[in-house]
Amino acid sequence: MTAKDTGVRHLTDAVLVRADGAVDEESLAYVREKVAAALDRPGLPEASGEVRVVKASAHHVELPWWAGADLQVGEDLVVVHAREATARELADRLHDRLRARAERVAHRGERARRASTPPPWRGGPER
């Protein structure tokens with residue numbers, strides 16, 4: 001059994017994109033592109049984990065496309081879920097949410113919070 005048979009695709013060596021249900025190759029490729037674009041940011045720590053894309057088989061479901069990402073970005077766990085009507089909308093929503101969480105992770109670092117010197121009562125220089 002190959003990766004094509006199981007619906008598993010590698011985004012990078014560390015991030016895995018997995019498809020369940022009737023997910024076509026074109027939709028999966030678009031999701032992979034959007035996830036890669038969200039995680040391709042200067043200053044962002046290395047990401048690893050899994051992104052799952054599922055299409056419901058029932059035709060009466062209003063929002064049949066679902067995606068969930070469980071990623072370890074540096075020391076932080078990033079969990080993102082999205083549900084949409086089409087695969088392209090799902091990929092775009094997933095991209096937006098991953099990008100926002102990645103921005104949060106990047107700006108929560110020690111250097112980002114200490115943009116200015118602390119006041120004297122917190123150990124900063126005396127004036």
# chains A, B, ... in the order shown; residues from 1 in each chain; ligands from 1

call {"tool": "residues_around", "arguments": {"residues": "Ala85 of chain A", "least_positions_apart": "4", "cutoff": "10 Å", "atoms": "only C-alpha atoms", "output": "JSON, numbers by chain"}}
result
{"A": [55, 61, 62, 63, 64, 65, 66, 89, 90]}

call {"tool": "residues_around", "arguments": {"residues": "Val105 of chain A", "least_positions_apart": "4", "cutoff": "10 Å", "atoms": "only C-alpha atoms", "output": "list of chain:residue names"}}
result
A:Gly43, A:Leu44, A:Pro45, A:Val73, A:Gly74, A:Glu75, A:Asp76, A:Leu77, A:Val78, A:Arg99, A:Ala100, A:Arg101, A:Gly109

call {"tool": "residues_around", "arguments": {"residues": "Ala69 of chain A", "least_positions_apart": "2", "cutoff": "10 Å", "atoms": "only C-alpha atoms", "output": "PDB file with C-alpha atoms, in the first residue's frame"}}
result
ATOM      1  CA  VAL A  15       3.852  18.346   8.456  1.00  0.00           C
ATOM      2  CA  LEU A  16       1.555  15.638   7.134  1.00  0.00           C
ATOM      3  CA  VAL A  17      -1.643  16.354   5.165  1.00  0.00           C
ATOM      4  CA  VAL A  35      -1.047  25.276   4.568  1.00  0.00           C
ATOM      5  CA  GLY A  49       2.199  17.741  13.006  1.00  0.00           C
ATOM      6  CA  GLU A  50      -0.802  16.732  10.967  1.00  0.00           C
ATOM      7  CA  VAL A  51      -3.556  18.361   8.930  1.00  0.00           C
ATOM      8  CA  ARG A  52      -6.678  16.266   8.272  1.00  0.00           C
ATOM      9  CA  VAL A  53      -9.154  17.018   5.488  1.00  0.00           C
ATOM     10  CA  ALA A  67     -10.281  20.318   8.241  1.00  0.00           C
ATOM     11  CA  LEU A  71       0.688  21.370  14.764  1.00  0.00           C
ATOM     12  CA  GLN A  72       3.621  21.848  17.071  1.00  0.00           C
ATOM     13  CA  VAL A  78      -1.489  25.183  17.394  1.00  0.00           C
ATOM     14  CA  VAL A  79      -4.933  23.643  16.917  1.00  0.00           C
ATOM     15  CA  VAL A  80      -7.158  24.904  14.104  1.00  0.00           C
ATOM     16  CA  HIS A  81     -10.522  23.638  12.863  1.00  0.00           C
ATOM     17  CA  ALA A  82     -12.565  24.797   9.869  1.00  0.00           C
ATOM     18  CA  LEU A  94      -7.718  27.104   7.117  1.00  0.00           C
ATOM     19  CA  LEU A  98      -3.261  29.052  10.601  1.00  0.00           C
TER      20      LEU A  98
END

call {"tool": "select_by_dssp", "arguments": {"residues": "chain A", "states": "strand (DSSP E)", "output": "CSV table (one decimal) with all heavy atoms, in the first residue's frame"}}
result
chain,number,residue,atom,x,y,z
A,8,VAL,N,-2.6,9.8,2.2
A,8,VAL,CA,-1.6,10.6,3.0
A,8,VAL,C,-0.6,11.3,2.1
A,8,VAL,O,-0.1,10.7,1.2
A,8,VAL,CB,-0.9,9.6,4.0
A,8,VAL,CG1,0.2,10.4,4.8
A,8,VAL,CG2,-1.8,9.0,4.9
A,9,ARG,N,-0.4,12.6,2.4
A,9,ARG,CA,0.5,13.4,1.6
A,9,ARG,C,1.4,14.1,2.5
A,9,ARG,O,1.0,14.6,3.5
A,9,ARG,CB,-0.2,14.4,0.7
A,9,ARG,CG,-1.2,13.8,-0.2
A,9,ARG,CD,-0.6,12.9,-1.3
A,9,ARG,NE,-1.6,12.4,-2.2
A,9,ARG,CZ,-2.2,11.2,-2.1
A,9,ARG,NH1,-1.9,10.5,-1.1
A,9,ARG,NH2,-3.1,10.8,-2.9
A,10,HIS,N,2.7,14.2,2.1
A,10,HIS,CA,3.7,15.0,2.9
A,10,HIS,C,3.8,16.4,2.4
A,10,HIS,O,4.0,16.7,1.3
A,10,HIS,CB,5.0,14.3,2.9
A,10,HIS,CG,5.1,13.1,3.6
A,10,HIS,ND1,5.2,13.0,5.0
A,10,HIS,CD2,5.0,11.8,3.2
A,10,HIS,CE1,5.2,11.8,5.4
A,10,HIS,NE2,5.1,11.0,4.4
A,15,VAL,N,5.3,18.1,8.5
A,15,VAL,CA,3.9,18.3,8.5
A,15,VAL,C,3.2,17.4,7.5
A,15,VAL,O,3.6,17.4,6.3
A,15,VAL,CB,3.5,19.8,8.1
A,15,VAL,CG1,2.0,20.0,8.0
A,15,VAL,CG2,4.2,20.8,9.1
A,16,LEU,N,2.2,16.6,7.9
A,16,LEU,CA,1.6,15.6,7.1
A,16,LEU,C,0.1,16.1,6.8
A,16,LEU,O,-0.6,16.6,7.7
A,16,LEU,CB,1.5,14.3,7.9
A,16,LEU,CG,0.9,13.1,7.3
A,16,LEU,CD1,1.8,12.6,6.2
A,16,LEU,CD2,0.6,12.1,8.4
A,17,VAL,N,-0.3,16.0,5.6
A,17,VAL,CA,-1.6,16.4,5.2
A,17,VAL,C,-2.3,15.0,4.8
A,17,VAL,O,-1.9,14.3,3.9
A,17,VAL,CB,-1.7,17.3,4.0
A,17,VAL,CG1,-3.1,17.6,3.5
A,17,VAL,CG2,-1.0,18.6,4.3
A,18,ARG,N,-3.4,14.7,5.6
A,18,ARG,CA,-4.1,13.5,5.4
A,18,ARG,C,-5.5,13.7,4.9
A,18,ARG,O,-6.2,14.6,5.4
A,18,ARG,CB,-4.1,12.7,6.7
A,18,ARG,CG,-4.9,11.5,6.7
A,18,ARG,CD,-4.8,10.7,7.9
A,18,ARG,NE,-3.4,10.3,8.1
A,18,ARG,CZ,-3.0,9.7,9.2
A,18,ARG,NH1,-3.8,9.5,10.2
A,18,ARG,NH2,-1.7,9.4,9.3
A,19,ALA,N,-6.0,12.9,4.0
A,19,ALA,CA,-7.4,13.1,3.5
A,19,ALA,C,-8.2,11.9,3.8
A,19,ALA,O,-7.7,10.7,3.7
A,19,ALA,CB,-7.3,13.3,1.9
A,20,ASP,N,-9.4,12.1,4.2
A,20,ASP,CA,-10.4,11.0,4.5
A,20,ASP,C,-11.6,11.3,3.7
A,20,ASP,O,-12.0,12.5,3.5
A,20,ASP,CB,-10.7,10.9,6.0
A,20,ASP,CG,-9.5,10.6,6.8
A,20,ASP,OD1,-8.7,9.8,6.3
A,20,ASP,OD2,-9.5,11.0,8.0
A,21,GLY,N,-12.3,10.3,3.2
A,21,GLY,CA,-13.5,10.5,2.4
A,21,GLY,C,-13.2,10.7,1.0
A,21,GLY,O,-12.1,10.3,0.5
A,47,ALA,N,7.7,23.8,12.2
A,47,ALA,CA,6.4,23.3,12.5
A,47,ALA,C,6.4,21.8,12.2
A,47,ALA,O,7.0,21.3,11.2
A,47,ALA,CB,5.3,24.0,11.6
A,48,SER,N,5.7,21.0,13.0
A,48,SER,CA,5.5,19.6,12.7
A,48,SER,C,4.1,19.2,13.2
A,48,SER,O,3.5,19.9,14.1
A,48,SER,CB,6.5,18.8,13.5
A,48,SER,OG,6.4,18.9,14.9
A,49,GLY,N,3.5,18.2,12.6
A,49,GLY,CA,2.2,17.7,13.0
A,49,GLY,C,1.4,17.2,11.8
A,49,GLY,O,2.0,16.7,10.9
A,50,GLU,N,0.1,17.3,12.0
A,50,GLU,CA,-0.8,16.7,11.0
A,50,GLU,C,-2.0,17.6,10.7
A,50,GLU,O,-2.5,18.3,11.5
A,50,GLU,CB,-1.3,15.4,11.5
A,50,GLU,CG,-2.2,14.7,10.6
A,50,GLU,CD,-2.7,13.4,11.2
A,50,GLU,OE1,-3.5,13.4,12.2
A,50,GLU,OE2,-2.3,12.3,10.8
A,51,VAL,N,-2.4,17.7,9.4
A,51,VAL,CA,-3.6,18.4,8.9
A,51,VAL,C,-4.5,17.3,8.3
A,51,VAL,O,-4.0,16.6,7.4
A,51,VAL,CB,-3.2,19.5,7.9
A,51,VAL,CG1,-4.5,20.1,7.4
A,51,VAL,CG2,-2.3,20.5,8.5
A,52,ARG,N,-5.7,17.2,8.8
A,52,ARG,CA,-6.7,16.3,8.3
A,52,ARG,C,-7.8,17.0,7.5
A,52,ARG,O,-8.3,18.0,8.0
A,52,ARG,CB,-7.3,15.5,9.4
A,52,ARG,CG,-6.3,14.6,10.1
A,52,ARG,CD,-6.9,14.0,11.4
A,52,ARG,NE,-7.7,14.9,12.2
A,52,ARG,CZ,-7.1,15.7,13.1
A,52,ARG,NH1,-5.8,15.7,13.2
A,52,ARG,NH2,-7.9,16.4,13.9
A,53,VAL,N,-8.1,16.5,6.3
A,53,VAL,CA,-9.2,17.0,5.5
A,53,VAL,C,-10.2,15.9,5.3
A,53,VAL,O,-9.8,14.8,4.9
A,53,VAL,CB,-8.6,17.5,4.1
A,53,VAL,CG1,-9.7,18.0,3.3
A,53,VAL,CG2,-7.5,18.6,4.3
A,54,VAL,N,-11.5,16.2,5.6
A,54,VAL,CA,-12.5,15.2,5.5
A,54,VAL,C,-13.7,15.8,4.7
A,54,VAL,O,-14.0,17.0,4.9
A,54,VAL,CB,-13.0,14.8,6.9
A,54,VAL,CG1,-14.1,13.8,6.8
A,54,VAL,CG2,-11.9,14.3,7.7
A,55,LYS,N,-14.2,15.0,3.8
A,55,LYS,CA,-15.4,15.4,3.1
A,55,LYS,C,-16.5,14.4,3.5
A,55,LYS,O,-16.3,13.2,3.3
A,55,LYS,CB,-15.2,15.3,1.5
A,55,LYS,CG,-16.5,15.8,0.8
A,55,LYS,CD,-16.3,15.8,-0.7
A,55,LYS,CE,-17.6,16.2,-1.3
A,55,LYS,NZ,-17.6,16.0,-2.7
A,65,TRP,N,-17.3,19.9,4.0
A,65,TRP,CA,-15.8,19.9,4.1
A,65,TRP,C,-15.4,20.3,5.5
A,65,TRP,O,-15.8,21.3,6.0
A,65,TRP,CB,-15.2,20.8,3.1
A,65,TRP,CG,-15.4,20.3,1.7
A,65,TRP,CD1,-16.4,20.5,0.8
A,65,TRP,CD2,-14.4,19.5,1.0
A,65,TRP,NE1,-16.2,19.9,-0.3
A,65,TRP,CE2,-15.0,19.3,-0.3
A,65,TRP,CE3,-13.2,19.0,1.3
A,65,TRP,CZ2,-14.3,18.5,-1.2
A,65,TRP,CZ3,-12.5,18.2,0.3
A,65,TRP,CH2,-13.1,18.0,-0.9
A,66,TRP,N,-14.5,19.5,6.1
A,66,TRP,CA,-14.0,19.8,7.4
A,66,TRP,C,-12.4,19.6,7.4
A,66,TRP,O,-11.9,18.7,6.7
A,66,TRP,CB,-14.6,18.8,8.5
A,66,TRP,CG,-14.0,19.1,9.8
A,66,TRP,CD1,-14.5,19.9,10.7
A,66,TRP,CD2,-12.9,18.4,10.4
A,66,TRP,NE1,-13.7,19.9,11.9
A,66,TRP,CE2,-12.8,18.9,11.7
A,66,TRP,CE3,-12.0,17.4,10.0
A,66,TRP,CZ2,-11.8,18.5,12.6
A,66,TRP,CZ3,-11.1,17.0,10.9
A,66,TRP,CH2,-10.9,17.5,12.1
A,67,ALA,N,-11.7,20.5,8.1
A,67,ALA,CA,-10.3,20.3,8.2
A,67,ALA,C,-9.9,20.6,9.7
A,67,ALA,O,-10.5,21.5,10.3
A,67,ALA,CB,-9.5,21.3,7.3
A,68,GLY,N,-8.9,19.9,10.1
A,68,GLY,CA,-8.4,20.1,11.5
A,68,GLY,C,-6.9,20.0,11.4
A,68,GLY,O,-6.3,19.1,10.8
A,69,ALA,N,-6.2,20.9,12.0
A,69,ALA,CA,-4.7,20.9,12.1
A,69,ALA,C,-4.3,20.9,13.5
A,69,ALA,O,-4.7,21.7,14.3
A,69,ALA,CB,-4.2,22.2,11.4
A,70,ASP,N,-3.4,19.9,13.8
A,70,ASP,CA,-2.8,19.8,15.1
A,70,ASP,C,-1.3,19.9,14.9
A,70,ASP,O,-0.6,19.0,14.5
A,70,ASP,CB,-3.1,18.5,15.8
A,70,ASP,CG,-4.5,18.3,16.1
A,70,ASP,OD1,-5.2,19.4,16.5
A,70,ASP,OD2,-5.1,17.2,16.0
A,71,LEU,N,-0.7,21.1,15.1
A,71,LEU,CA,0.7,21.4,14.8
A,71,LEU,C,1.5,21.8,16.0
A,71,LEU,O,0.9,22.6,16.8
A,71,LEU,CB,0.8,22.5,13.7
A,71,LEU,CG,0.1,22.2,12.4
A,71,LEU,CD1,0.1,23.4,11.5
A,71,LEU,CD2,0.7,21.0,11.7
A,72,GLN,N,2.7,21.4,16.1
A,72,GLN,CA,3.6,21.8,17.1
A,72,GLN,C,4.5,22.9,16.4
A,72,GLN,O,5.3,22.5,15.5
A,72,GLN,CB,4.5,20.7,17.6
A,72,GLN,CG,5.3,21.0,18.7
A,72,GLN,CD,4.5,21.2,20.0
A,72,GLN,OE1,3.5,20.5,20.2
A,72,GLN,NE2,5.0,22.0,20.9
A,73,VAL,N,4.4,24.1,16.8
A,73,VAL,CA,5.2,25.2,16.2
A,73,VAL,C,6.1,25.7,17.2
A,73,VAL,O,5.7,26.4,18.2
A,73,VAL,CB,4.3,26.4,15.6
A,73,VAL,CG1,5.1,27.5,15.0
A,73,VAL,CG2,3.3,25.8,14.6
A,76,ASP,N,5.0,25.7,21.0
A,76,ASP,CA,3.6,25.9,21.1
A,76,ASP,C,2.8,25.0,20.3
A,76,ASP,O,3.1,24.6,19.2
A,76,ASP,CB,3.2,27.4,20.7
A,76,ASP,CG,3.9,28.4,21.6
A,76,ASP,OD1,3.7,28.3,22.8
A,76,ASP,OD2,4.5,29.3,21.0
A,77,LEU,N,1.6,24.6,20.9
A,77,LEU,CA,0.7,23.7,20.1
A,77,LEU,C,-0.4,24.6,19.5
A,77,LEU,O,-1.0,25.4,20.1
A,77,LEU,CB,0.0,22.7,21.1
A,77,LEU,CG,-1.0,21.8,20.5
A,77,LEU,CD1,-0.4,20.8,19.5
A,77,LEU,CD2,-1.8,21.0,21.6
A,78,VAL,N,-0.5,24.4,18.2
A,78,VAL,CA,-1.5,25.2,17.4
A,78,VAL,C,-2.6,24.2,16.9
A,78,VAL,O,-2.3,23.3,16.2
A,78,VAL,CB,-0.8,25.9,16.2
A,78,VAL,CG1,-1.8,26.6,15.3
A,78,VAL,CG2,0.2,26.9,16.7
A,79,VAL,N,-3.8,24.5,17.3
A,79,VAL,CA,-4.9,23.6,16.9
A,79,VAL,C,-5.9,24.5,16.2
A,79,VAL,O,-6.4,25.5,16.7
A,79,VAL,CB,-5.6,23.0,18.1
A,79,VAL,CG1,-6.8,22.2,17.7
A,79,VAL,CG2,-4.6,22.2,18.9
A,80,VAL,N,-6.3,24.1,14.9
A,80,VAL,CA,-7.2,24.9,14.1
A,80,VAL,C,-8.2,24.0,13.5
A,80,VAL,O,-7.8,22.9,13.0
A,80,VAL,CB,-6.4,25.6,13.0
A,80,VAL,CG1,-7.3,26.4,12.0
A,80,VAL,CG2,-5.4,26.6,13.6
A,81,HIS,N,-9.4,24.4,13.5
A,81,HIS,CA,-10.5,23.6,12.9
A,81,HIS,C,-11.3,24.6,11.9
A,81,HIS,O,-11.4,25.8,12.2
A,81,HIS,CB,-11.5,23.1,13.9
A,81,HIS,CG,-10.9,22.1,14.9
A,81,HIS,ND1,-11.2,20.8,14.8
A,81,HIS,CD2,-10.1,22.3,15.9
A,81,HIS,CE1,-10.5,20.2,15.8
A,81,HIS,NE2,-9.8,21.1,16.4
A,82,ALA,N,-11.8,24.0,10.8
A,82,ALA,CA,-12.6,24.8,9.9
A,82,ALA,C,-13.6,23.9,9.2
A,82,ALA,O,-13.3,22.7,9.0
A,82,ALA,CB,-11.7,25.4,8.8
A,83,ARG,N,-14.8,24.5,8.9
A,83,ARG,CA,-15.8,23.7,8.2
A,83,ARG,C,-16.4,24.7,7.2
A,83,ARG,O,-16.8,25.8,7.5
A,83,ARG,CB,-16.9,23.3,9.2
A,83,ARG,CG,-18.0,22.4,8.6
A,83,ARG,CD,-18.9,22.0,9.7
A,83,ARG,NE,-18.3,21.1,10.6
A,83,ARG,CZ,-18.3,19.7,10.5
A,83,ARG,NH1,-18.8,19.2,9.5
A,83,ARG,NH2,-17.7,19.0,11.4
A,84,GLU,N,-16.5,24.2,5.9
A,84,GLU,CA,-17.0,25.0,4.8
A,84,GLU,C,-17.8,24.2,3.8
A,84,GLU,O,-17.8,23.0,3.9
A,84,GLU,CB,-15.8,25.7,4.1
A,84,GLU,CG,-15.2,26.8,4.9
A,84,GLU,CD,-16.1,28.0,5.2
A,84,GLU,OE1,-17.0,28.3,4.4
A,84,GLU,OE2,-15.9,28.6,6.3

call {"tool": "residues_around", "arguments": {"residues": "Ala91 of chain A", "least_positions_apart": "4", "cutoff": "7 Å", "atoms": "only C-alpha atoms", "output": "ChimeraX atom specification"}}
result
/A:30-31,34,87,95

call {"tool": "write_last_selection", "arguments": {"atoms": "N, CA and C atoms", "output": "PDB file, in the first residue's frame"}}
result
ATOM      1  N   TYR A  30      -4.545  21.925  -3.328  1.00  0.00           N
ATOM      2  CA  TYR A  30      -4.815  23.319  -2.957  1.00  0.00           C
ATOM      3  C   TYR A  30      -4.702  23.516  -1.443  1.00  0.00           C
ATOM      4  N   VAL A  31      -5.199  22.563  -0.678  1.00  0.00           N
ATOM      5  CA  VAL A  31      -5.073  22.642   0.785  1.00  0.00           C
ATOM      6  C   VAL A  31      -3.601  22.616   1.173  1.00  0.00           C
ATOM      7  N   LYS A  34      -2.006  26.023   0.527  1.00  0.00           N
ATOM      8  CA  LYS A  34      -2.424  27.038   1.483  1.00  0.00           C
ATOM      9  C   LYS A  34      -1.804  26.811   2.869  1.00  0.00           C
ATOM     10  N   ALA A  87     -14.197  22.922  -1.077  1.00  0.00           N
ATOM     11  CA  ALA A  87     -12.804  22.665  -0.716  1.00  0.00           C
ATOM     12  C   ALA A  87     -11.958  23.937  -0.772  1.00  0.00           C
ATOM     13  N   HIS A  95      -6.145  28.484   5.877  1.00  0.00           N
ATOM     14  CA  HIS A  95      -4.977  29.341   5.698  1.00  0.00           C
ATOM     15  C   HIS A  95      -5.064  30.570   6.605  1.00  0.00           C
TER      16      HIS A  95
END
